[in-house]
Structures are given as C-alpha cells and as structure tokens.
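Peer 1: Pasting run.cif here (mmCIF, C-alpha atoms):
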data_model
#
loop_
_atom_site.label_atom_id
_atom_site.label_comp_id
_atom_site.auth_asym_id
_atom_site.auth_seq_id
_atom_site.Cartn_x
_atom_site.Cartn_y
_atom_site.Cartn_z
CA MET Q 28 0.00 0.00 0.00
CA LEU Q 29 2.86 2.41 0.84
CA GLN Q 30 4.58 1.54 -2.42
CA LYS Q 31 1.45 2.47 -4.38
CA LEU Q 32 1.11 5.73 -2.42
CA VAL Q 33 4.69 6.88 -3.07
CA SER Q 34 5.36 5.48 -6.54
CA ASP Q 35 3.60 8.29 -8.42
CA SER Q 36 4.43 11.23 -6.18
CA PRO Q 37 7.86 12.43 -5.04
CA PHE Q 38 6.08 14.66 -2.51
CA HIS Q 39 4.29 11.67 -0.93
CA ALA Q 40 7.55 9.65 -0.98
CA LEU Q 41 9.37 12.39 0.91
CA SER Q 42 6.51 12.78 3.41
CA VAL Q 43 6.43 9.03 4.12
CA HIS Q 44 10.22 8.91 4.41
CA ARG Q 45 10.25 11.77 6.95
CA ALA Q 46 7.45 10.18 8.99
CA LEU Q 47 9.19 6.78 9.09
CA ALA Q 48 12.57 8.35 9.93
CA SER Q 49 10.98 10.28 12.79
CA VAL Q 50 9.46 7.12 14.26
CA HIS Q 51 12.65 5.13 13.69
CA ASN Q 52 14.81 7.67 15.54
CA GLN Q 53 12.52 7.43 18.59
CA LEU Q 54 12.77 3.65 18.86
CA PRO Q 55 15.56 2.04 20.87
CA ALA Q 56 17.95 0.13 18.67
CA PRO Q 57 18.35 -3.60 19.27
CA VAL Q 58 21.53 -4.43 21.19
CA GLY Q 59 24.50 -4.45 18.82
CA TRP Q 60 22.56 -2.88 15.95
CA ASP Q 61 22.76 0.83 16.78
CA VAL Q 62 24.49 2.39 13.79
CA ARG Q 63 23.15 5.89 14.28
CA PRO Q 64 25.75 8.52 13.40
CA HIS Q 65 25.81 10.15 16.85
CA TRP Q 66 27.41 6.99 18.25
CA GLU Q 67 30.22 7.36 15.75
CA SER Q 68 30.95 11.01 16.52
CA ARG Q 69 34.02 12.46 18.18
CA SER Q 70 34.42 11.82 21.90
CA SER Q 71 33.31 14.51 24.34
CA THR Q 72 36.98 14.69 25.43
CA GLY Q 73 37.80 16.12 22.02
CA TYR Q 74 40.10 13.27 21.02
CA VAL Q 75 39.77 10.83 18.14
CA GLY Q 76 40.89 7.24 18.64
CA LEU Q 77 42.77 4.85 16.37
CA LYS Q 78 41.27 1.46 15.56
CA ASN Q 79 43.34 -1.62 16.35
CA MET Q 80 43.69 -3.43 13.01
CA GLY Q 81 45.01 -6.68 14.46
CA SER Q 82 48.11 -6.46 16.61
CA THR Q 83 48.66 -2.74 16.17
CA CYS Q 84 48.05 -1.47 19.72
CA TYR Q 85 51.78 -0.62 20.08
CA MET Q 86 51.56 1.52 16.94
CA ASN Q 87 48.35 3.25 17.98
CA SER Q 88 49.75 4.04 21.44
CA LEU Q 89 52.92 5.56 20.04
CA LEU Q 90 51.04 7.57 17.40
CA GLN Q 91 48.69 8.95 20.05
CA VAL Q 92 51.64 9.91 22.27
CA MET Q 93 53.30 11.64 19.32
CA PHE Q 94 50.05 13.41 18.37
CA THR Q 95 49.43 14.73 21.88
CA ASN Q 96 52.92 16.26 21.95
CA ASN Q 97 52.31 19.79 20.65
CA SER Q 98 55.85 20.20 19.28
CA ILE Q 99 55.74 17.01 17.22
CA ARG Q 100 52.16 17.54 16.04
CA GLU Q 101 52.74 21.14 14.94
CA HIS Q 102 56.08 20.28 13.29
CA ILE Q 103 54.48 17.51 11.24
CA LEU Q 104 51.37 19.52 10.37
CA ASN Q 105 53.04 22.84 9.59
CA ASP Q 106 56.66 22.24 8.59
CA LEU Q 107 56.40 19.32 6.16
CA HIS Q 108 55.60 20.10 2.52
CA PHE Q 109 55.13 17.69 -0.38
CA ASP Q 110 55.20 19.68 -3.59
CA GLY Q 111 55.84 17.92 -6.88
CA GLN Q 112 55.05 14.35 -5.82
CA ASP Q 113 52.44 12.33 -7.65
CA VAL Q 114 49.65 10.34 -6.00
CA GLU Q 115 51.57 7.05 -5.98
CA GLU Q 116 54.65 8.67 -4.40
CA LEU Q 117 52.46 10.22 -1.71
CA ARG Q 118 50.69 6.91 -1.10
CA ASN Q 119 54.05 5.35 -0.21
CA ASN Q 120 55.43 8.39 1.63
CA VAL Q 121 55.50 7.76 5.40
CA ALA Q 122 55.94 11.44 6.28
CA PHE Q 123 52.98 12.44 4.10
CA GLN Q 124 50.79 9.65 5.51
CA LEU Q 125 51.75 10.65 9.06
CA LYS Q 126 50.86 14.27 8.29
CA LYS Q 127 47.54 13.16 6.79
CA LEU Q 128 46.79 11.01 9.86
CA PHE Q 129 47.65 13.84 12.27
CA TYR Q 130 45.48 16.24 10.25
CA SER Q 131 42.59 13.77 10.51
CA LEU Q 132 43.15 13.25 14.24
CA LYS Q 133 43.02 17.01 14.72
CA HIS Q 134 40.01 17.79 12.51
CA SER Q 135 37.90 14.65 12.17
CA GLN Q 136 34.50 14.44 13.81
CA LYS Q 137 34.67 10.64 13.85
CA LYS Q 138 35.05 8.61 17.02
CA PHE Q 139 38.07 6.78 15.61
CA LEU Q 140 40.22 6.49 12.51
CA VAL Q 141 41.73 3.46 10.82
CA PRO Q 142 45.37 4.24 9.92
CA THR Q 143 45.55 1.89 6.91
CA ASP Q 144 47.25 4.46 4.66
CA LEU Q 145 50.14 4.84 7.11
CA THR Q 146 50.53 1.07 7.57
CA PHE Q 147 50.60 0.67 3.79
CA ALA Q 148 53.35 3.29 3.47
CA LEU Q 149 55.47 1.64 6.20
CA LYS Q 150 57.42 -1.13 4.49
CA ASP Q 151 59.23 -4.13 5.95
CA GLU Q 152 62.76 -5.13 4.92
CA HIS Q 153 61.31 -6.83 1.78
CA GLY Q 154 59.35 -3.77 0.66
CA ASN Q 155 55.97 -5.14 1.73
CA PRO Q 156 53.46 -3.07 3.72
CA MET Q 157 53.81 -3.50 7.47
CA SER Q 158 52.23 -6.62 8.95
CA LEU Q 159 49.08 -5.96 10.96
CA VAL Q 160 49.29 -9.28 12.79
CA GLN Q 161 52.89 -9.18 13.93
CA GLN Q 162 53.35 -7.74 17.41
CA GLN Q 163 56.24 -5.29 17.97
CA ASP Q 164 57.67 -3.29 20.83
CA ALA Q 165 56.80 0.40 20.70
CA GLN Q 166 60.54 1.13 20.51
CA GLU Q 167 60.88 -1.12 17.44
CA PHE Q 168 57.95 0.61 15.80
CA LEU Q 169 59.36 4.06 16.64
CA GLN Q 170 62.60 3.11 14.88
CA GLN Q 171 60.67 1.72 11.87
CA LEU Q 172 58.58 4.89 11.74
CA ALA Q 173 61.65 7.13 12.03
CA ASP Q 174 63.45 5.16 9.29
CA GLY Q 175 60.40 5.29 7.01
CA PHE Q 176 60.00 8.97 7.78
CA ALA Q 177 63.63 9.70 6.94
CA THR Q 178 63.48 7.66 3.73
CA SER Q 179 60.30 9.35 2.57
CA ARG Q 180 61.64 12.81 3.37
CA SER Q 181 64.89 12.22 1.48
CA SER Q 182 63.06 10.73 -1.51
CA ALA Q 183 61.08 13.96 -1.73
CA SER Q 184 64.29 15.71 -2.80
CA SER Q 185 65.32 15.44 -6.43
CA ASP Q 186 68.80 16.91 -5.94
CA VAL Q 187 70.53 13.96 -4.29
CA ILE Q 188 74.27 13.99 -4.83
CA ALA Q 189 76.06 10.69 -4.38
CA GLY Q 190 78.22 10.63 -1.29
CA LYS Q 191 77.23 14.07 0.02
CA PRO Q 192 74.06 14.72 2.03
CA THR Q 193 71.93 17.48 0.56
CA ALA Q 194 70.23 20.13 2.67
CA ALA Q 195 67.03 18.11 2.35
CA GLN Q 196 68.78 14.97 3.64
CA SER Q 197 70.29 16.90 6.54
CA ALA Q 198 66.84 18.29 7.34
CA THR Q 199 65.50 14.74 7.15
CA HIS Q 200 67.98 13.59 9.76
CA ALA Q 201 67.07 16.59 11.89
CA ASP Q 202 63.36 15.70 11.54
CA GLN Q 203 64.09 12.12 12.56
CA VAL Q 204 66.13 13.13 15.62
CA TYR Q 205 63.57 15.78 16.57
CA ILE Q 206 60.63 13.36 16.46
CA ILE Q 207 62.42 10.63 18.41
CA HIS Q 208 63.72 13.13 20.97
CA LYS Q 209 60.29 14.71 21.49
CA THR Q 210 58.55 11.33 21.67
CA ILE Q 211 60.77 9.87 24.38
CA GLY Q 212 61.05 13.16 26.26
CA ASP Q 213 63.50 15.95 26.81
#
Show me this structure written as structure tokens.
Peer 2:
Amino acid sequence: MLQKLVSDSPFHALSVHRALASVHNQLPAPVGWDVRPHWESRSSTGYVGLKNMGSTCYMNSLLQVMFTNNSIREHILNDLHFDGQDVEELRNNVAFQLKKLFYSLKHSQKKFLVPTDLTFALKDEHGNPMSLVQQQDAQEFLQQLADGFATSRSSASSDVIAGKPTAAQSATHADQVYIIHKTIGD
C-alpha cells in the first residue's frame, strides 16, 4: 500500500520517508545494531581514537603519544611540505601519511580512525606493507617509523648527490632526531 502511495508522487515519498525516519529515531535500537551517526561522533573529550587493526596497539599508542605532543604535532602539520610528488609517491610516503593522519586526528568528527594508509606506506625489509598481525615493541615501531619517515623525506628531494648529504637529507635527519627526541622526552 505504501509503495502504491509513493510510486507516483515524489512529494508523498518524501513525506512518508520523513514520517518513518521520525518514528525510527525514537525507537531504541536492538543491542548491537545501533548504527546511528551520533554513536560514531568524536568523543566529548575532544580526542579521536585509532582502531586496532590486528596487533597494532603498540603503533596506535605511540602515534597517540606523538600526536598529543604539541611540538611534534605542529612540526608535522606545519613544517612538512610535499610539492611535486604524484599520487603514488604520496601513497608510499611515510611522512605524508603521518601528516595526513595527524590532520585527521586534529580535525575529524569521527570517534576513531583506521590508519591503513600509514601502515601501507610503512614497508618491511622486503618492501611489503607493514604486517598488521605481527606484534612489535613500541621502541621497534618508533625506529621503523623514524626510518620510514627519513626515507620518505629524502626521496622527496630530487637533488641527491652521491656521497654528500643534501640540505634536504640533513633536514630529514634533523626531523628524525627531533621526532624521536620529542617522543621519548626531553
């Protein structure tokens, strides 16, 4: 009967939709089935979480510590620039993915984020994306992140001279030292 009522009139379809939505929003959701957007919104604390994608709690903890450090967060958000790189280079660029994640943590209205782009950019010793099921120490991950960060920052420079570090490579080392120093404390 409803189908017949709404099939010939967009006005009636919209009226029925609004009426059903109003009733639906007043009903309690069955346990485990509440997918209403307000449950997925940013925490009242103002922070956005990171979803554990397997055995990535060590990574999420370290990233949250780094993000809550104003010096690191502002350095990554404001001092890193990625001009002249194509989409594929940026997809594999750890520094860019970290900046993108920090930007999302700062501005997202979601309850949590899934850092898949960063884990894709972080490569193991064989060039494969980081394993989501292999547990690591936070210190091991910090070193992997710092190495990936340094590699991605130096690859952003096109004026690499064999045997001599360029200004960009020196800045990369400074970035790496700065982030590690600020993460573990002064």
Peer 1: Identify which of the residues Q:Leu90, Q:Cys84, Q:Leu77, Q:Ala122 lies closest to Val160 of chain Q, counting all atoms listed in the file when measuring atom-to-atom distances.
Peer 2: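 Among the listed residues, the smallest separation from Val160 of chain Q belongs to Q:Cys84.
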Peer 1: Find the residues around Leu32 of chain Q up to 12 Å (only C-alpha atoms counted), leave out those fewer than 3 positions away in its own chain, and share them as a VMD selection string.
Peer 2: chain Q and resid 28 to 29 35 to 44
Peer 1: Within 7 Å of (58.5, 17.0, 6.2), in the coordinates the file gives, what residues turn up when you count only C-alpha atoms, written out as a list of chain:residue names?
Peer 2: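 Within 7 Å of (58.5, 17.0, 6.2), the protein and nucleic acid residues are Q:Ile103, Q:Asp106, Q:Leu107, Q:His108, Q:Ala122, Q:Arg180.
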Peer 1: If you count only C-alpha atoms, which residues fall within 8 Å of Phe129 of chain Q, apart from same-chain ones fewer than 6 positions away, as a list in words?
Peer 2: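 Listing them by chain and then by number gives Phe94, Arg100, Ile103 and Leu104 of chain Q.
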Peer 1: Restricting it to C-alpha atoms, dump the selection as a compact mmCIF listing (two decimals), in the coordinates of the input.
Peer 2:
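Written out: part10.txt:
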# COMPACT_ATOMS: atom_id res chain seq x y z
CA PHE Q 94 50.05 13.41 18.37
CA ARG Q 100 52.16 17.54 16.04
CA ILE Q 103 54.48 17.51 11.24
CA LEU Q 104 51.37 19.52 10.37
Peer 1: On this structure, the PyMOL selection byres ((chain Q and resi 130-147) around 7) would catch which residues? List them as a PDB file with C-alpha atoms, in the coordinates of the input, sorted by chain and number.
Peer 2:
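Output contents, as saved in out-v8.pdb:
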ATOM      1  CA  GLU Q  67      30.220   7.360  15.750  1.00  0.00           C
ATOM      2  CA  SER Q  68      30.950  11.010  16.520  1.00  0.00           C
ATOM      3  CA  ARG Q  69      34.020  12.460  18.180  1.00  0.00           C
ATOM      4  CA  SER Q  70      34.420  11.820  21.900  1.00  0.00           C
ATOM      5  CA  VAL Q  75      39.770  10.830  18.140  1.00  0.00           C
ATOM      6  CA  GLY Q  76      40.890   7.240  18.640  1.00  0.00           C
ATOM      7  CA  LEU Q  77      42.770   4.850  16.370  1.00  0.00           C
ATOM      8  CA  LYS Q  78      41.270   1.460  15.560  1.00  0.00           C
ATOM      9  CA  LEU Q 104      51.370  19.520  10.370  1.00  0.00           C
ATOM     10  CA  VAL Q 121      55.500   7.760   5.400  1.00  0.00           C
ATOM     11  CA  GLN Q 124      50.790   9.650   5.510  1.00  0.00           C
ATOM     12  CA  LEU Q 125      51.750  10.650   9.060  1.00  0.00           C
ATOM     13  CA  LYS Q 126      50.860  14.270   8.290  1.00  0.00           C
ATOM     14  CA  LYS Q 127      47.540  13.160   6.790  1.00  0.00           C
ATOM     15  CA  LEU Q 128      46.790  11.010   9.860  1.00  0.00           C
ATOM     16  CA  PHE Q 129      47.650  13.840  12.270  1.00  0.00           C
ATOM     17  CA  ALA Q 148      53.350   3.290   3.470  1.00  0.00           C
ATOM     18  CA  LEU Q 149      55.470   1.640   6.200  1.00  0.00           C
ATOM     19  CA  PRO Q 156      53.460  -3.070   3.720  1.00  0.00           C
ATOM     20  CA  MET Q 157      53.810  -3.500   7.470  1.00  0.00           C
TER      21      MET Q 157
END
Peer 1: In terms of the shortest atom-to-atom distance over only C-alpha atoms, which of Q:Ala173, Q:Val50, Q:Leu159, Q:Ser179 is closest to Asn87 of chain Q?
Peer 2: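 Of all the options, Q:Leu159 lies closest to Asn87 of chain Q.
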Peer 1: Could you state the separation of atom CA of Gln30 of chain Q and atom CA of Ala48 of chain Q in Å, given to one decimal place?
Peer 2: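 So the answer is 16.2 Å.
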Peer 1: If you apply the PyMOL selection byres ((chain Q and resi 162) around 6) to this file, what residues do you get, as a list of chain:residue names?
Peer 2: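 Taken over the shown coordinates, the PyMOL selection byres ((chain Q and resi 162) around 6) returns Q:Ser82, Q:Gln161, Q:Gln163.
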Peer 1: Can you write just those residues out, C-alpha atoms, as an mmCIF file, keeping the file's coordinate frame?
Peer 2:
data_model
loop_
_atom_site.group_PDB
_atom_site.id
_atom_site.type_symbol
_atom_site.label_atom_id
_atom_site.label_comp_id
_atom_site.auth_asym_id
_atom_site.auth_seq_id
_atom_site.Cartn_x
_atom_site.Cartn_y
_atom_site.Cartn_z
ATOM 1 C CA SER Q 82 48.110 -6.460 16.610
ATOM 2 C CA GLN Q 161 52.890 -9.180 13.930
ATOM 3 C CA GLN Q 163 56.240 -5.290 17.970
#
Peer 1: Please indicate the distance in Å from atom CA of Met93 of chain Q to atom CA of Gly175 of chain Q, rounded to one decimal place.
Peer 2: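 Atom CA of Met93 of chain Q sits 15.6 Å away from atom CA of Gly175 of chain Q.
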Peer 1: Atom CA of Lys150 of chain Q and atom CA of Glu101 of chain Q, how far apart in Å?
Peer 2: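 About the pair atom CA of Glu101 of chain Q and atom CA of Lys150 of chain Q: they are 25.0 Å apart.
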Peer 1: Can you pull segment 122-134 of chain Q out of that block with all heavy atoms and hand it back as an mmCIF file, in the first residue's frame?
Peer 2:
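What follows is the written file decode-v9.cif:
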data_model
loop_
_atom_site.group_PDB
_atom_site.id
_atom_site.type_symbol
_atom_site.label_atom_id
_atom_site.label_comp_id
_atom_site.auth_asym_id
_atom_site.auth_seq_id
_atom_site.Cartn_x
_atom_site.Cartn_y
_atom_site.Cartn_z
ATOM 1 N N ALA Q 122 56.104 10.101 5.702
ATOM 2 C CA ALA Q 122 55.943 11.444 6.279
ATOM 3 C C ALA Q 122 54.611 12.054 5.851
ATOM 4 O O ALA Q 122 53.896 12.645 6.666
ATOM 5 C CB ALA Q 122 57.113 12.331 5.863
ATOM 6 N N PHE Q 123 54.256 11.909 4.576
ATOM 7 C CA PHE Q 123 52.981 12.440 4.095
ATOM 8 C C PHE Q 123 51.809 11.738 4.778
ATOM 9 O O PHE Q 123 50.846 12.381 5.207
ATOM 10 C CB PHE Q 123 52.869 12.291 2.572
ATOM 11 C CG PHE Q 123 51.536 12.742 2.044
ATOM 12 C CD1 PHE Q 123 51.275 14.096 1.884
ATOM 13 C CD2 PHE Q 123 50.552 11.823 1.733
ATOM 14 C CE1 PHE Q 123 50.038 14.520 1.409
ATOM 15 C CE2 PHE Q 123 49.315 12.238 1.256
ATOM 16 C CZ PHE Q 123 49.052 13.592 1.089
ATOM 17 N N GLN Q 124 51.880 10.405 4.880
ATOM 18 C CA GLN Q 124 50.788 9.648 5.511
ATOM 19 C C GLN Q 124 50.666 9.992 6.995
ATOM 20 O O GLN Q 124 49.561 10.032 7.541
ATOM 21 C CB GLN Q 124 50.964 8.150 5.294
ATOM 22 C CG GLN Q 124 50.871 7.721 3.842
ATOM 23 C CD GLN Q 124 49.558 8.109 3.178
ATOM 24 O OE1 GLN Q 124 48.515 8.235 3.817
ATOM 25 N NE2 GLN Q 124 49.599 8.324 1.864
ATOM 26 N N LEU Q 125 51.789 10.239 7.657
ATOM 27 C CA LEU Q 125 51.751 10.647 9.058
ATOM 28 C C LEU Q 125 51.116 12.034 9.181
ATOM 29 O O LEU Q 125 50.282 12.267 10.065
ATOM 30 C CB LEU Q 125 53.162 10.647 9.649
ATOM 31 C CG LEU Q 125 53.268 10.899 11.144
ATOM 32 C CD1 LEU Q 125 52.526 9.821 11.940
ATOM 33 C CD2 LEU Q 125 54.735 10.922 11.563
ATOM 34 N N LYS Q 126 51.466 12.933 8.283
ATOM 35 C CA LYS Q 126 50.860 14.272 8.287
ATOM 36 C C LYS Q 126 49.356 14.169 8.046
ATOM 37 O O LYS Q 126 48.556 14.819 8.726
ATOM 38 C CB LYS Q 126 51.509 15.157 7.221
ATOM 39 C CG LYS Q 126 50.936 16.558 7.185
ATOM 40 C CD LYS Q 126 51.675 17.447 6.211
ATOM 41 C CE LYS Q 126 51.092 18.861 6.268
ATOM 42 N NZ LYS Q 126 51.944 19.820 5.575
ATOM 43 N N LYS Q 127 48.968 13.335 7.093
ATOM 44 C CA LYS Q 127 47.543 13.157 6.787
ATOM 45 C C LYS Q 127 46.787 12.578 7.994
ATOM 46 O O LYS Q 127 45.694 13.036 8.322
ATOM 47 C CB LYS Q 127 47.402 12.236 5.568
ATOM 48 C CG LYS Q 127 45.991 12.144 5.028
ATOM 49 C CD LYS Q 127 45.952 11.436 3.687
ATOM 50 C CE LYS Q 127 45.907 9.957 3.897
ATOM 51 N NZ LYS Q 127 45.614 9.197 2.685
ATOM 52 N N LEU Q 128 47.407 11.606 8.674
ATOM 53 C CA LEU Q 128 46.786 11.015 9.861
ATOM 54 C C LEU Q 128 46.650 12.052 10.972
ATOM 55 O O LEU Q 128 45.601 12.165 11.604
ATOM 56 C CB LEU Q 128 47.588 9.807 10.346
ATOM 57 C CG LEU Q 128 47.062 9.134 11.612
ATOM 58 C CD1 LEU Q 128 45.673 8.539 11.375
ATOM 59 C CD2 LEU Q 128 48.032 8.060 12.078
ATOM 60 N N PHE Q 129 47.703 12.819 11.223
ATOM 61 C CA PHE Q 129 47.647 13.844 12.268
ATOM 62 C C PHE Q 129 46.600 14.911 11.933
ATOM 63 O O PHE Q 129 45.893 15.396 12.811
ATOM 64 C CB PHE Q 129 49.017 14.485 12.478
ATOM 65 C CG PHE Q 129 49.929 13.689 13.371
ATOM 66 C CD1 PHE Q 129 49.721 12.338 13.627
ATOM 67 C CD2 PHE Q 129 51.015 14.289 13.967
ATOM 68 C CE1 PHE Q 129 50.561 11.614 14.453
ATOM 69 C CE2 PHE Q 129 51.869 13.589 14.811
ATOM 70 C CZ PHE Q 129 51.635 12.238 15.045
ATOM 71 N N TYR Q 130 46.506 15.276 10.662
ATOM 72 C CA TYR Q 130 45.484 16.240 10.250
ATOM 73 C C TYR Q 130 44.094 15.682 10.561
ATOM 74 O O TYR Q 130 43.231 16.384 11.093
ATOM 75 C CB TYR Q 130 45.615 16.557 8.758
ATOM 76 C CG TYR Q 130 44.587 17.555 8.279
ATOM 77 C CD1 TYR Q 130 44.845 18.920 8.364
ATOM 78 C CD2 TYR Q 130 43.373 17.136 7.768
ATOM 79 C CE1 TYR Q 130 43.907 19.848 7.949
ATOM 80 C CE2 TYR Q 130 42.420 18.055 7.351
ATOM 81 C CZ TYR Q 130 42.687 19.408 7.448
ATOM 82 O OH TYR Q 130 41.738 20.314 7.046
ATOM 83 N N SER Q 131 43.889 14.403 10.248
ATOM 84 C CA SER Q 131 42.593 13.770 10.512
ATOM 85 C C SER Q 131 42.319 13.667 12.007
ATOM 86 O O SER Q 131 41.188 13.885 12.449
ATOM 87 C CB SER Q 131 42.533 12.386 9.865
ATOM 88 O OG SER Q 131 42.628 12.501 8.465
ATOM 89 N N LEU Q 132 43.336 13.317 12.793
ATOM 90 C CA LEU Q 132 43.151 13.249 14.244
ATOM 91 C C LEU Q 132 42.774 14.618 14.814
ATOM 92 O O LEU Q 132 41.997 14.712 15.763
ATOM 93 C CB LEU Q 132 44.420 12.742 14.933
ATOM 94 C CG LEU Q 132 44.707 11.252 14.803
ATOM 95 C CD1 LEU Q 132 46.111 10.928 15.297
ATOM 96 C CD2 LEU Q 132 43.672 10.433 15.565
ATOM 97 N N LYS Q 133 43.295 15.658 14.226
ATOM 98 C CA LYS Q 133 43.022 17.007 14.720
ATOM 99 C C LYS Q 133 41.647 17.515 14.287
ATOM 100 O O LYS Q 133 40.958 18.191 15.056
ATOM 101 C CB LYS Q 133 44.107 17.961 14.218
ATOM 102 C CG LYS Q 133 43.989 19.362 14.783
ATOM 103 C CD LYS Q 133 45.195 20.208 14.399
ATOM 104 C CE LYS Q 133 45.091 21.592 15.048
ATOM 105 N NZ LYS Q 133 46.279 22.393 14.750
ATOM 106 N N HIS Q 134 41.215 17.168 13.067
ATOM 107 C CA HIS Q 134 40.014 17.792 12.514
ATOM 108 C C HIS Q 134 38.812 16.867 12.334
ATOM 109 O O HIS Q 134 37.716 17.367 12.093
ATOM 110 C CB HIS Q 134 40.347 18.440 11.165
ATOM 111 C CG HIS Q 134 41.342 19.544 11.283
ATOM 112 N ND1 HIS Q 134 41.046 20.765 11.845
ATOM 113 C CD2 HIS Q 134 42.652 19.602 10.933
ATOM 114 C CE1 HIS Q 134 42.112 21.525 11.828
ATOM 115 N NE2 HIS Q 134 43.111 20.848 11.286
#
